Structures are given as C-alpha cells and as structure tokens.
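Undergrad: Here it is, the structure in full.
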Amino acid sequence: MGKIFCVMGKSSSGKDTIYRMLLQNTDLHLAKVVLYTTRPIRANEKEGREYFFVDIKRQEELQKAGKVIELRTYETVHGPWSYFTVDDGQICLEEKNYLMITTLEAYEKIREYFGEDSIIPIYIEVEDGVRLQRALDREKLEKEPKYAELCRRFLADAADFSEEKLLHAGISLRFNNEELGKICEEITKYIQAILQK
C-alpha cells in the first residue's frame with residue numbers, strides 16, 4: 001500500500017521549494033497531487049502546477065458530486081478564498097506513493113479519508129523573522145502586492161499551527177529549514193526509511 005507524504009508548515013517556511021525538490025528527486029519516485037483553489041493565480045504560477053484554479057461554481061459542482069475530500073475557506077482582505085483536495089483520480093495508493101502540500105487541518109481530514117497508516121506528515125519550521133522577510137521579498141515581486149493579505153496570513157499561521165494543534169494532530173517530528181540542501185537531504189532519508197519498512 002502506498003503512502004501520501006504531506007508537507008506542511010507556516011507560510012514562507014519554504015514548503016513549495018522543498019516540495020519541488022523532493023518531487024524532482026528520482027530516488028524517491030513520488031507522484032504529485034495538485035490541489036484546487038478559488039483564489040486568483042499569481043504571476044509566477046501555472047494552471048495545474050501549483051493548483052487547479054477554479055471558480056466557486058466549479059467548487060460547488062465538485063462538492064455536490066461528493067468529490068471533495070477536504071475544503072478550507074479563508075476570509076481574506078480580498079474576499080473568501082477556498083483551497084481543497086478532490087478525489088479526482090490523481091491518487092491510487094495501490095500503485096504509487098505521493099507528495100502533497102497541505103495545512104494541518106487538511107492533513108487531519110486527508111488522514112481520516114485514506115487512513116492513518118497511509119498518511120505521513122512532514123512539518124517544516126523556520127524562525128518567524130526569517131519567514132516574514134521571505135514573505136515580504138516574495139510579495140514585492142507581484143504586479144500588485146497584497147501586503148494586508150500577507151499580514152493576515154502570517155498572523156493566522158500562529159493559531160493554525162499552534163503547539164497545541166500540532167500535538168493534537170500527533171506531529172512531533174520537525175524539520176528546520178535553515179539550510180535548503182540539508183533539510184532536503186534529511187527529509188529524503190526520512191521518506192526512504194519509511195518506504196523501506
């Protein structure tokens with residue numbers, strides 16, 4: 001039976017970069033799971049790569065069809081944005097192992113859906129000051145920077161990834177992203193050890 005490795009962490013912790021590097025690691029042979037969102041596409045994003053970008057009508061169609069595994073909606077300064085995982089045929093645990101980026105809340109719902117033995121958390125940590133600077137640097141590159149949303153997300157992460165919630169979800173192992181090459185090596189060894197069991 002395959003595994004789904006769920007990369008998670010606060011915003012600007014480096015999860016997207018780590019996720020891409022792990023996907024490109026040919027020793028791991030991990031398949032990608034693309035989530036869905038109703039938020040606008042960013043300048044550096046591509047449809048079907050970071051997300052499937054859909055409107056609210058399509059989200060509701062998928063919900064009515066019983067295809068939505070988990071869904072989170074955030075009240076942003078630009079209105080509600082939803083992010084969700086869809087049972088759309090991307091995941092077949094009899095055939096492959098997978099890698100996806102999730103939130104803590106999404107991780108718990110995906111674990112309920114597929115079973116505890118199939119879902120493995122990979123929690124990324126970074127010191128808050130470093131994260132905030134990374135977020136600012138990234139936002140400056142946008143055609144229309146959304147600094148208010150950046151601040152909202154940064155503050156929301158403190159609650160969403162509180163120690164209490166992490167412990168409740170059973171997440172005790174942390175990977176500290178001080179040096180990108182080192183953390184990717186540590187996570188690779190961790191994944192290989194689990195897959196060899």
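Residue names in the structure tokens use chain letters A, B, ... in the order shown, residue numbers from 1 in each chain, and ligand numbers from 1 in the order shown.
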Excluding region 190-197 of chain A and any residue of its chain fewer than 4 positions from it, enumerate the residues within 10 Å of it, using only C-alpha atoms, and give them as a PyMOL selection string.

TA: chain A and resi 2-3+5+22+27-28+30+97+120+122+184-186

Undergrad: Go ahead and save the picked residues with C-alpha atoms, as a PDB file, in the first residue's frame.

TA:
ATOM      1  CA  GLY A   2       1.325   3.438  -0.947  1.00  0.00           C
ATOM      2  CA  LYS A   3       1.884   6.471   1.246  1.00  0.00           C
ATOM      3  CA  PHE A   5       3.625  12.413   2.389  1.00  0.00           C
ATOM      4  CA  LEU A  22      11.513  16.253  -3.341  1.00  0.00           C
ATOM      5  CA  ASP A  27      15.438   8.227  -5.852  1.00  0.00           C
ATOM      6  CA  LEU A  28      12.048   8.825  -4.211  1.00  0.00           C
ATOM      7  CA  LEU A  30       6.889  10.368  -5.562  1.00  0.00           C
ATOM      8  CA  ASN A  97       3.486   6.974  -3.287  1.00  0.00           C
ATOM      9  CA  ILE A 120       2.832  10.735   6.759  1.00  0.00           C
ATOM     10  CA  ILE A 122       6.459  16.334   7.059  1.00  0.00           C
ATOM     11  CA  CYS A 184      16.024  18.168   1.690  1.00  0.00           C
ATOM     12  CA  GLU A 185      18.664  15.549   2.477  1.00  0.00           C
ATOM     13  CA  GLU A 186      17.137  14.923   5.929  1.00  0.00           C
TER      14      GLU A 186
END

Undergrad: Could you give me, as a CSV table (one decimal) with C-alpha atoms, in the first residue's frame, each residue of region 1-186 of chain A that DSSP assigns to strand (DSSP E) when run on this structure's backbone?

TA:
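As a result, result_37.csv now contains:
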chain,number,residue,atom,x,y,z
A,4,ILE,CA,0.9,10.1,1.0
A,5,PHE,CA,3.6,12.4,2.4
A,6,CYS,CA,2.0,15.7,3.5
A,7,VAL,CA,4.4,18.7,3.5
A,8,MET,CA,3.2,21.4,5.8
A,9,GLY,CA,4.3,24.5,7.7
A,30,LEU,CA,6.9,10.4,-5.6
A,31,ALA,CA,3.8,11.4,-7.6
A,32,LYS,CA,2.4,14.8,-7.4
A,35,LEU,CA,-4.9,20.8,-5.0
A,36,TYR,CA,-7.7,23.1,-6.1
A,37,THR,CA,-8.3,26.8,-5.2
A,51,TYR,CA,-3.1,24.4,-8.1
A,52,PHE,CA,-6.1,23.9,-10.3
A,53,PHE,CA,-7.6,27.4,-10.3
A,68,VAL,CA,-14.2,17.0,-2.2
A,69,ILE,CA,-12.0,15.2,0.5
A,70,GLU,CA,-11.4,18.4,2.5
A,71,LEU,CA,-12.0,22.1,2.0
A,72,ARG,CA,-10.9,25.2,3.8
A,73,THR,CA,-12.2,28.7,3.1
A,74,TYR,CA,-10.3,31.8,4.4
A,75,GLU,CA,-11.9,35.2,4.7
A,76,THR,CA,-9.1,37.3,3.1
A,79,GLY,CA,-12.9,38.1,-0.1
A,80,PRO,CA,-13.2,34.4,0.6
A,81,TRP,CA,-10.6,32.0,-1.0
A,82,SER,CA,-11.1,28.3,-0.8
A,83,TYR,CA,-8.5,25.6,-1.0
A,84,PHE,CA,-9.4,21.9,-1.4
A,85,THR,CA,-8.4,18.4,-2.2
A,86,VAL,CA,-10.5,16.5,-4.7
A,97,ASN,CA,3.5,7.0,-3.3
A,98,TYR,CA,2.5,10.6,-3.3
A,99,LEU,CA,3.7,14.0,-2.2
A,100,MET,CA,1.4,17.0,-1.5
A,101,ILE,CA,1.4,20.3,0.3
A,119,ILE,CA,-0.6,9.5,5.6
A,120,ILE,CA,2.8,10.7,6.8
A,121,PRO,CA,3.4,14.3,8.0
A,122,ILE,CA,6.5,16.3,7.1
A,123,TYR,CA,6.4,19.5,9.1
A,124,ILE,CA,8.7,22.4,8.1
A,125,GLU,CA,9.8,25.0,10.7
A,174,ARG,CA,10.0,18.8,12.9
A,175,PHE,CA,12.4,19.6,10.0
A,176,ASN,CA,14.1,23.0,10.5

Undergrad: Please report as JSON lines every residue of region 96-148 of chain A lying within 9 Å of region 157-162 of chain A, along with the nearest atom pair and their distance in Å (one decimal), using only C-alpha atoms.

TA:
{"residue": "A:Thr103", "atom": "CA", "partner": "A:Asp160", "partner_atom": "CA", "distance": 8.3}
{"residue": "A:Leu104", "atom": "CA", "partner": "A:Phe161", "partner_atom": "CA", "distance": 6.9}
{"residue": "A:Glu105", "atom": "CA", "partner": "A:Asp160", "partner_atom": "CA", "distance": 8.0}

Undergrad: Please, could you write that set of residues out with N, CA and C atoms as a CSV table (one decimal), in the first residue's frame?

TA:
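Once written, again-v2.csv looks like this:
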chain,number,residue,atom,x,y,z
A,103,THR,N,-2.3,21.9,4.7
A,103,THR,CA,-2.3,22.6,6.0
A,103,THR,C,-2.5,21.5,7.1
A,104,LEU,N,-2.4,21.9,8.3
A,104,LEU,CA,-2.6,21.0,9.4
A,104,LEU,C,-4.1,20.4,9.4
A,105,GLU,N,-5.0,21.3,9.2
A,105,GLU,CA,-6.4,20.9,9.1
A,105,GLU,C,-6.7,20.0,8.0

Undergrad: Which polymer residues have any atom within 9 Å of an atom of Glu142 (chain A), counting only C-alpha atoms, with same-chain residues fewer than 5 positions away left out, as a list in words?

TA: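 The residues satisfying every condition are Arg42, Ala43 and Asn44 of chain A.
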
Undergrad: How about saving the chosen residues, N, CA and C atoms kept, as an mmCIF file, in the first residue's frame?

TA:
data_model
loop_
_atom_site.group_PDB
_atom_site.id
_atom_site.type_symbol
_atom_site.label_atom_id
_atom_site.label_comp_id
_atom_site.auth_asym_id
_atom_site.auth_seq_id
_atom_site.Cartn_x
_atom_site.Cartn_y
_atom_site.Cartn_z
ATOM 1 N N ARG A 42 -1.287 33.606 -9.210
ATOM 2 C CA ARG A 42 -0.209 34.575 -9.029
ATOM 3 C C ARG A 42 0.660 34.619 -10.287
ATOM 4 N N ALA A 43 1.465 35.671 -10.377
ATOM 5 C CA ALA A 43 2.277 35.913 -11.577
ATOM 6 C C ALA A 43 3.184 34.737 -11.929
ATOM 7 N N ASN A 44 3.763 34.078 -10.938
ATOM 8 C CA ASN A 44 4.729 33.007 -11.208
ATOM 9 C C ASN A 44 4.104 31.608 -11.213
#

Undergrad: In Å to one decimal, how far is CA of Lys165 (chain A) from CA of Lys189 (chain A)?

TA: 26.2 Å

Undergrad: Please report the interatomic distance between CA of Arg20 (chain A) and CA of Glu50 (chain A) in Å with one decimal.

TA: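 Value for the CA of Arg20 (chain A)-CA of Glu50 (chain A) distance: 10.0 Å.
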
Undergrad: From the options A:Arg131, A:Lys143, A:Arg153, A:Lys182, which residue's atoms come nearest to Ile41 (chain A), counting only C-alpha atoms?

TA: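 Checking each of A:Arg131, A:Lys143, A:Arg153, A:Lys182 against Ile41 (chain A), counting only C-alpha atoms, the winner is A:Lys143.
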
Undergrad: Name the residues of chain A that fall into alpha helix (DSSP H) according to DSSP on the backbone, using the chain letters and numbers of this document, as a ChimeraX atom specification.

TA: /A:15-24,56-64,104-114,128-140,147-160,163-168,180-195

Undergrad: Print the selection's residues with C-alpha atoms to a file, as a compact mmCIF listing (two decimals), in the first residue's frame.

TA:
# COMPACT_ATOMS: atom_id res chain seq x y z
CA LYS A 15 7.46 24.26 1.67
CA ASP A 16 6.91 24.98 -2.03
CA THR A 17 10.65 24.85 -2.79
CA ILE A 18 11.17 21.74 -0.66
CA TYR A 19 8.14 20.11 -2.27
CA ARG A 20 9.53 20.76 -5.78
CA MET A 21 12.97 19.43 -4.85
CA LEU A 22 11.51 16.25 -3.34
CA LEU A 23 9.34 15.70 -6.42
CA GLN A 24 12.41 16.04 -8.66
CA ILE A 56 -16.94 28.96 -6.91
CA LYS A 57 -19.43 27.34 -9.31
CA ARG A 58 -16.93 24.54 -10.13
CA GLN A 59 -16.13 24.12 -6.42
CA GLU A 60 -19.84 23.66 -5.66
CA GLU A 61 -20.21 21.15 -8.52
CA LEU A 62 -17.38 19.04 -7.09
CA GLN A 63 -18.90 19.23 -3.60
CA LYS A 64 -22.33 18.15 -4.87
CA LEU A 104 -2.62 20.97 9.43
CA GLU A 105 -6.41 20.94 9.14
CA ALA A 106 -6.24 19.40 5.65
CA TYR A 107 -3.71 16.80 6.82
CA GLU A 108 -6.12 15.58 9.51
CA LYS A 109 -9.03 15.29 7.06
CA ILE A 110 -6.92 13.51 4.43
CA ARG A 111 -5.73 11.10 7.14
CA GLU A 112 -9.36 10.39 8.06
CA TYR A 113 -10.23 9.78 4.40
CA PHE A 114 -7.31 7.50 3.46
CA ASP A 128 9.34 33.80 12.37
CA GLY A 129 11.56 36.76 11.46
CA VAL A 130 13.10 34.83 8.57
CA ARG A 131 9.65 33.77 7.36
CA LEU A 132 8.32 37.32 7.44
CA GLN A 133 11.27 38.64 5.42
CA ARG A 134 10.83 35.85 2.85
CA ALA A 135 7.13 36.66 2.55
CA LEU A 136 7.84 40.37 2.01
CA ASP A 137 10.51 39.64 -0.59
CA ARG A 138 8.13 37.32 -2.50
CA GLU A 139 5.20 39.72 -2.34
CA LYS A 140 7.31 42.59 -3.75
CA TYR A 147 0.63 43.23 1.89
CA ALA A 148 -2.54 43.23 4.01
CA GLU A 149 -3.23 39.62 3.00
CA LEU A 150 0.39 38.71 3.75
CA CYS A 151 -0.03 40.09 7.29
CA ARG A 152 -3.36 38.32 7.79
CA ARG A 153 -1.85 35.01 6.69
CA PHE A 154 1.23 35.46 8.89
CA LEU A 155 -0.90 36.08 12.00
CA ALA A 156 -3.36 33.29 11.16
CA ASP A 157 -0.47 30.80 10.95
CA ALA A 158 0.34 31.35 14.63
CA ALA A 159 -3.10 29.99 15.53
CA ASP A 160 -3.37 27.39 12.75
CA GLU A 163 1.86 23.79 19.54
CA GLU A 164 -1.44 22.54 20.92
CA LYS A 165 -2.81 21.80 17.43
CA LEU A 166 0.43 20.17 16.28
CA LEU A 167 0.44 17.86 19.30
CA HIS A 168 -3.26 17.08 18.86
CA LEU A 180 17.78 24.12 1.96
CA GLY A 181 20.20 21.40 0.86
CA LYS A 182 20.47 19.98 4.38
CA ILE A 183 16.73 19.85 5.04
CA CYS A 184 16.02 18.17 1.69
CA GLU A 185 18.66 15.55 2.48
CA GLU A 186 17.14 14.92 5.93
CA ILE A 187 13.61 14.60 4.53
CA THR A 188 14.81 12.31 1.71
CA LYS A 189 16.41 9.93 4.22
CA TYR A 190 13.24 10.03 6.34
CA ILE A 191 11.00 9.18 3.36
CA GLN A 192 13.32 6.39 2.20
CA ALA A 193 13.32 4.85 5.69
CA ILE A 194 9.51 4.82 5.76
CA LEU A 195 9.21 3.34 2.26

Undergrad: Which of these, A:Glu116, A:Lys146, A:Thr26, A:Val54, has the shortest distance to Ala169 (chain A) once you count only C-alpha atoms?

TA: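 Using only C-alpha atoms, the shortest distance to Ala169 (chain A) belongs to A:Glu116.
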
Undergrad: Can you work out the spacing between CA of Ile91 (chain A) and CA of Gly48 (chain A) in Å, to one decimal?

TA: 15.1 Å

Undergrad: Choose the residue, out of A:Glu178, A:Ile171, A:Glu95, A:Ser11, that has the smallest atom-to-atom separation from His29 (chain A); count only C-alpha atoms.

TA: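 Closest to His29 (chain A) of all the choices is A:Glu95.
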